[in-house]
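Coordinates as given in protein18.tsv (TSV, C-alpha atoms):
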```tsv
chain	number	residue	atom	x	y	z
A	1	MET	CA	266.68	194.98	-153.08
A	2	ALA	CA	267.66	198.17	-154.89
A	3	HIS	CA	266.55	201.46	-153.40
A	4	THR	CA	262.84	202.11	-153.94
A	5	ASN	CA	262.78	205.91	-153.76
A	6	ARG	CA	264.91	209.05	-153.55
A	7	LEU	CA	265.07	208.86	-149.75
A	8	ALA	CA	266.44	205.31	-149.86
A	9	GLY	CA	269.00	206.42	-152.45
A	10	MET	CA	270.22	209.19	-150.15
A	11	VAL	CA	270.48	206.84	-147.16
A	12	GLU	CA	272.35	204.35	-149.34
A	13	ARG	CA	274.90	207.07	-150.19
A	14	ILE	CA	275.24	208.10	-146.53
A	15	ASN	CA	275.80	204.45	-145.58
A	16	GLN	CA	278.86	204.43	-147.86
A	17	LEU	CA	280.58	206.93	-145.55
A	18	PRO	CA	283.10	205.65	-142.98
A	19	ALA	CA	281.34	203.92	-140.06
A	20	PHE	CA	282.23	206.66	-137.56
A	21	ALA	CA	280.53	209.34	-139.72
A	22	ARG	CA	277.27	207.54	-140.54
A	23	PRO	CA	275.26	208.17	-137.33
A	24	ARG	CA	275.94	211.90	-137.40
A	25	ALA	CA	275.26	212.19	-141.15
A	26	LEU	CA	272.01	210.19	-140.91
A	27	SER	CA	270.87	212.19	-137.87
A	28	LEU	CA	271.61	215.53	-139.54
A	29	PHE	CA	269.87	214.47	-142.75
A	30	PHE	CA	266.69	213.35	-140.99
A	31	GLY	CA	266.84	216.33	-138.63
A	32	LYS	CA	266.55	218.57	-141.69
A	33	ALA	CA	263.87	216.43	-143.36
A	34	VAL	CA	261.78	216.02	-140.17
A	35	PRO	CA	262.70	219.02	-137.98
A	36	PHE	CA	261.02	217.70	-134.82
A	37	THR	CA	263.44	214.74	-134.70
A	38	GLY	CA	266.36	217.17	-134.74
A	39	THR	CA	264.77	219.35	-132.06
A	40	ALA	CA	264.35	216.36	-129.75
A	41	GLY	CA	267.93	215.22	-130.35
A	42	ILE	CA	267.23	211.81	-131.87
A	43	ARG	CA	270.41	210.05	-133.01
A	44	ILE	CA	270.23	207.44	-135.75
A	45	GLU	CA	272.73	204.70	-134.95
A	46	SER	CA	272.05	202.54	-138.02
A	47	LEU	CA	269.52	202.56	-140.83
A	48	ASN	CA	268.85	200.52	-143.95
A	49	GLN	CA	265.68	199.37	-145.70
A	50	SER	CA	264.97	196.56	-143.22
A	51	HIS	CA	266.51	197.74	-139.91
A	52	CYS	CA	266.61	200.96	-137.89
A	53	GLU	CA	268.25	201.62	-134.55
A	54	ILE	CA	267.86	205.06	-132.98
A	55	ARG	CA	268.63	206.58	-129.59
A	56	LEU	CA	267.44	209.46	-127.44
A	57	ALA	CA	269.70	210.70	-124.66
A	58	ASN	CA	268.05	211.39	-121.31
A	59	ARG	CA	268.66	215.13	-121.41
A	60	ARG	CA	266.69	217.90	-119.76
A	61	ARG	CA	264.76	218.92	-122.89
A	62	VAL	CA	263.11	215.47	-123.14
A	63	GLN	CA	262.68	214.67	-119.44
A	64	ASN	CA	259.54	214.29	-117.40
A	65	HIS	CA	258.98	215.32	-113.78
A	66	ILE	CA	260.94	212.32	-112.43
A	67	LYS	CA	264.00	213.01	-114.61
A	68	GLY	CA	263.36	210.16	-117.04
A	69	VAL	CA	262.70	210.35	-120.78
A	70	HIS	CA	259.15	211.66	-121.16
A	71	ALA	CA	256.54	209.13	-122.30
A	72	VAL	CA	255.72	211.09	-125.44
A	73	ALA	CA	259.41	211.57	-126.26
A	74	SER	CA	259.75	207.78	-126.12
A	75	LEU	CA	256.83	207.42	-128.52
A	76	LEU	CA	258.48	209.96	-130.83
A	77	LEU	CA	261.49	207.66	-130.90
A	78	ALA	CA	259.33	204.67	-131.89
A	79	GLU	CA	257.33	206.65	-134.45
A	80	SER	CA	260.56	207.94	-135.97
A	81	ALA	CA	262.23	204.52	-136.21
A	82	THR	CA	259.19	202.86	-137.77
A	83	GLY	CA	258.47	205.86	-139.98
A	84	PHE	CA	262.03	205.98	-141.30
A	85	LEU	CA	261.74	202.32	-142.32
A	86	VAL	CA	258.39	202.74	-144.04
A	87	GLY	CA	259.61	205.94	-145.71
A	88	LEU	CA	262.63	204.12	-147.14
A	89	ASN	CA	260.43	201.44	-148.69
A	90	VAL	CA	257.39	203.13	-150.23
A	91	PRO	CA	257.92	204.28	-153.82
A	92	ASP	CA	257.97	208.00	-154.54
A	93	ASP	CA	254.39	207.91	-155.90
A	94	LYS	CA	253.01	206.79	-152.51
A	95	ILE	CA	252.74	208.56	-149.17
A	96	PRO	CA	253.23	206.87	-145.77
A	97	VAL	CA	251.01	207.84	-142.82
A	98	ILE	CA	250.89	206.57	-139.24
A	99	LYS	CA	247.61	204.74	-138.67
A	100	THR	CA	247.67	203.39	-135.12
A	101	VAL	CA	249.89	203.65	-132.07
A	102	HIS	CA	249.52	201.47	-129.00
A	103	ALA	CA	251.92	201.59	-126.06
A	104	GLU	CA	252.06	200.02	-122.62
A	105	TYR	CA	254.55	201.33	-120.12
A	106	THR	CA	255.50	198.19	-118.22
A	107	ARG	CA	258.31	199.51	-115.98
A	108	ARG	CA	260.18	202.70	-115.20
A	109	ALA	CA	262.87	203.40	-117.80
A	110	LYS	CA	266.40	204.21	-116.65
A	111	GLY	CA	268.60	206.63	-118.60
A	112	ASP	CA	268.77	206.88	-122.38
A	113	MET	CA	266.19	205.21	-124.61
A	114	ARG	CA	266.86	203.14	-127.72
A	115	VAL	CA	264.47	201.66	-130.26
A	116	VAL	CA	265.23	198.90	-132.74
A	117	ALA	CA	262.71	198.40	-135.56
A	118	HIS	CA	262.55	195.81	-138.36
A	119	LEU	CA	260.64	195.09	-141.54
A	120	THR	CA	260.48	191.66	-143.14
A	121	GLU	CA	261.26	191.15	-146.82
A	122	GLU	CA	257.58	190.32	-147.40
A	123	GLN	CA	256.46	193.60	-145.78
A	124	ARG	CA	258.97	195.56	-147.86
A	125	GLN	CA	257.84	193.87	-151.07
A	126	ARG	CA	254.16	194.65	-150.35
A	127	MET	CA	254.98	198.35	-150.04
A	128	VAL	CA	256.47	198.27	-153.53
A	129	THR	CA	253.81	196.15	-155.25
A	130	ASP	CA	250.54	197.07	-153.48
A	131	ASP	CA	248.93	200.37	-154.42
A	132	ARG	CA	247.78	200.84	-150.82
A	133	GLY	CA	248.03	198.88	-147.62
A	134	GLU	CA	249.23	198.82	-144.06
A	135	VAL	CA	252.00	197.21	-142.08
A	136	ALA	CA	252.69	196.63	-138.39
A	137	VAL	CA	256.37	197.42	-137.90
A	138	ALA	CA	258.15	195.28	-135.30
A	139	LEU	CA	259.93	197.37	-132.67
A	140	THR	CA	261.59	196.97	-129.29
A	141	PHE	CA	262.37	199.64	-126.70
A	142	TYR	CA	265.49	199.44	-124.53
A	143	ASP	CA	266.63	201.66	-121.67
A	144	SER	CA	270.26	202.19	-120.61
A	145	GLU	CA	270.15	198.94	-118.62
A	146	ASP	CA	268.97	197.03	-121.75
A	147	ARG	CA	265.59	196.39	-120.13
A	148	GLU	CA	262.39	196.74	-122.15
A	149	PRO	CA	260.27	199.36	-120.32
A	150	ILE	CA	257.69	199.89	-123.07
A	151	GLU	CA	255.75	197.51	-125.29
A	152	ALA	CA	254.49	199.27	-128.39
A	153	GLN	CA	252.86	198.60	-131.73
A	154	MET	CA	252.96	201.00	-134.66
A	155	THR	CA	250.89	200.44	-137.77
A	156	TRP	CA	251.68	202.46	-140.89
A	157	ALA	CA	249.59	202.79	-144.04
A	158	TRP	CA	250.51	203.92	-147.52
A	159	THR	CA	248.35	205.32	-150.29
A	160	PRO	CA	248.98	206.87	-153.70
A	161	LYS	CA	249.98	210.53	-153.58
A	162	ARG	CA	247.24	212.92	-154.59
A	163	ARG	CA	247.82	214.87	-157.74
A	164	ASP	CA	246.70	218.38	-156.77
```
Written as structure tokens, how would this file's structure read?
Amino acid sequence: MAHTNRLAGMVERINQLPAFARPRALSLFFGKAVPFTGTAGIRIESLNQSHCEIRLANRRRVQNHIKGVHAVASLLLAESATGFLVGLNVPDDKIPVIKTVHAEYTRRAKGDMRVVAHLTEEQRQRMVTDDRGEVAVALTFYDSEDREPIEAQMTWAWTPKRRD
């Protein structure tokens, strides 16, 4: 599927860089576009219109009182991964907004956190053809031991942009 908006076009160009340069370039680009992701230190490992993998190092600025990645910092990671995917797929005349977030912390996370998110071809197509709608983006959390400490669901909606 060809890129659906200007954001997808930019990511497509970044993905043409050598493999070693892509994560840094993607992270810098989104850090400028969404400053809070840069402040937290989110690193985009890979990103295209159907798949996103991002990481957050367990550093002091994102830790809780027990030296793990803070619960809300983990949710920022999930919101960012799912939001990047939705943002790459909605046309420029539509606006994506987070609708619901549900998370269950099932075990204590160890070390860095990683989120992998996916959209199906059907979900991507609906964002292009439907004037408005919503989509539950599949995502999985992993800690540094590749365990899944959090179960989460993120639902995004899209609507036409207002013409103010």
10 Å contact set for Arg22 of chain A, only C-alpha atoms, chain neighbours under 3 positions out, as a JSON list (two decimals) with C-alpha atoms, keeping the file's coordinate frame:
```json
[["chain", "number", "residue", "atom", "x", "y", "z"],
["A", 11, "VAL", "CA", 270.48, 206.84, -147.16],
["A", 13, "ARG", "CA", 274.90, 207.07, -150.19],
["A", 14, "ILE", "CA", 275.24, 208.10, -146.53],
["A", 15, "ASN", "CA", 275.80, 204.45, -145.58],
["A", 16, "GLN", "CA", 278.86, 204.43, -147.86],
["A", 17, "LEU", "CA", 280.58, 206.93, -145.55],
["A", 18, "PRO", "CA", 283.10, 205.65, -142.98],
["A", 19, "ALA", "CA", 281.34, 203.92, -140.06],
["A", 25, "ALA", "CA", 275.26, 212.19, -141.15],
["A", 26, "LEU", "CA", 272.01, 210.19, -140.91],
["A", 27, "SER", "CA", 270.87, 212.19, -137.87],
["A", 28, "LEU", "CA", 271.61, 215.53, -139.54],
["A", 44, "ILE", "CA", 270.23, 207.44, -135.75],
["A", 45, "GLU", "CA", 272.73, 204.70, -134.95],
["A", 46, "SER", "CA", 272.05, 202.54, -138.02],
["A", 47, "LEU", "CA", 269.52, 202.56, -140.83]]
```
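Minimum atom-to-atom distance to Leu56 of chain A, evaluated using all atoms listed in the file, belongs to A:Ser74 out of A:Thr106, A:Ser74, A:Thr39, A:Thr4.
In this model, the gap between atom CA of Val135 of chain A and atom CA of Arg55 of chain A comes to 22.8 Å.
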Find, counting only C-alpha atoms, the residue in A:Trp156, A:Tyr142, A:Phe36, A:Phe84 that gets nearest to Met113 of chain A.
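The answer is A:Tyr142, which sits nearest to Met113 of chain A.
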Which of these, A:Ala152, A:Ala78, A:Phe30, A:Val101, has the shortest distance to Arg114 of chain A once you count all atoms listed in the file?
A:Ala78
Calculate how many Å separate atom CA of Ala21 of chain A from atom CA of Ile54 of chain A, rounding to one decimal.
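Separation between atom CA of Ala21 of chain A and atom CA of Ile54 of chain A: 15.0 Å.
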One decimal, Å: what's the distance from atom CA of Ile66 of chain A over to atom CA of Ser80 of chain A, could you say?
23.9 Å
Would you kindly identify which residues have an atom no farther than 12 Å from (270.1, 196.3, -119.3), using all atoms listed in the file and the file's own coordinates, and write them out as a count of residues only?
15
Which of these residues is nearest to Met10 of chain A, using all atoms listed in the file: A:Thr129, A:Val62, A:Asn48, A:Leu75?
A:Asn48
From the list A:Met127, A:Ala40, A:Ala117, A:Val69, which residue is nearest Thr159 of chain A when using all atoms listed in the file?
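Checking each of A:Met127, A:Ala40, A:Ala117, A:Val69 against Thr159 of chain A, counting all atoms listed in the file, the winner is A:Met127.
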Go through A:Lys161, A:Arg60, A:Arg6, A:Lys67 and flag the residue nearest Lys94 of chain A, using all atoms listed in the file for the distances.
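Result for the nearest residue to Lys94 of chain A: A:Lys161.
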Residue contacts of Gly87 of chain A (9 Å, all atoms listed in the file) excluding same-chain residues fewer than 2 positions away, as a PyMOL selection string:
chain A and resi 5+7-8+49+82-85+89-91+95-96
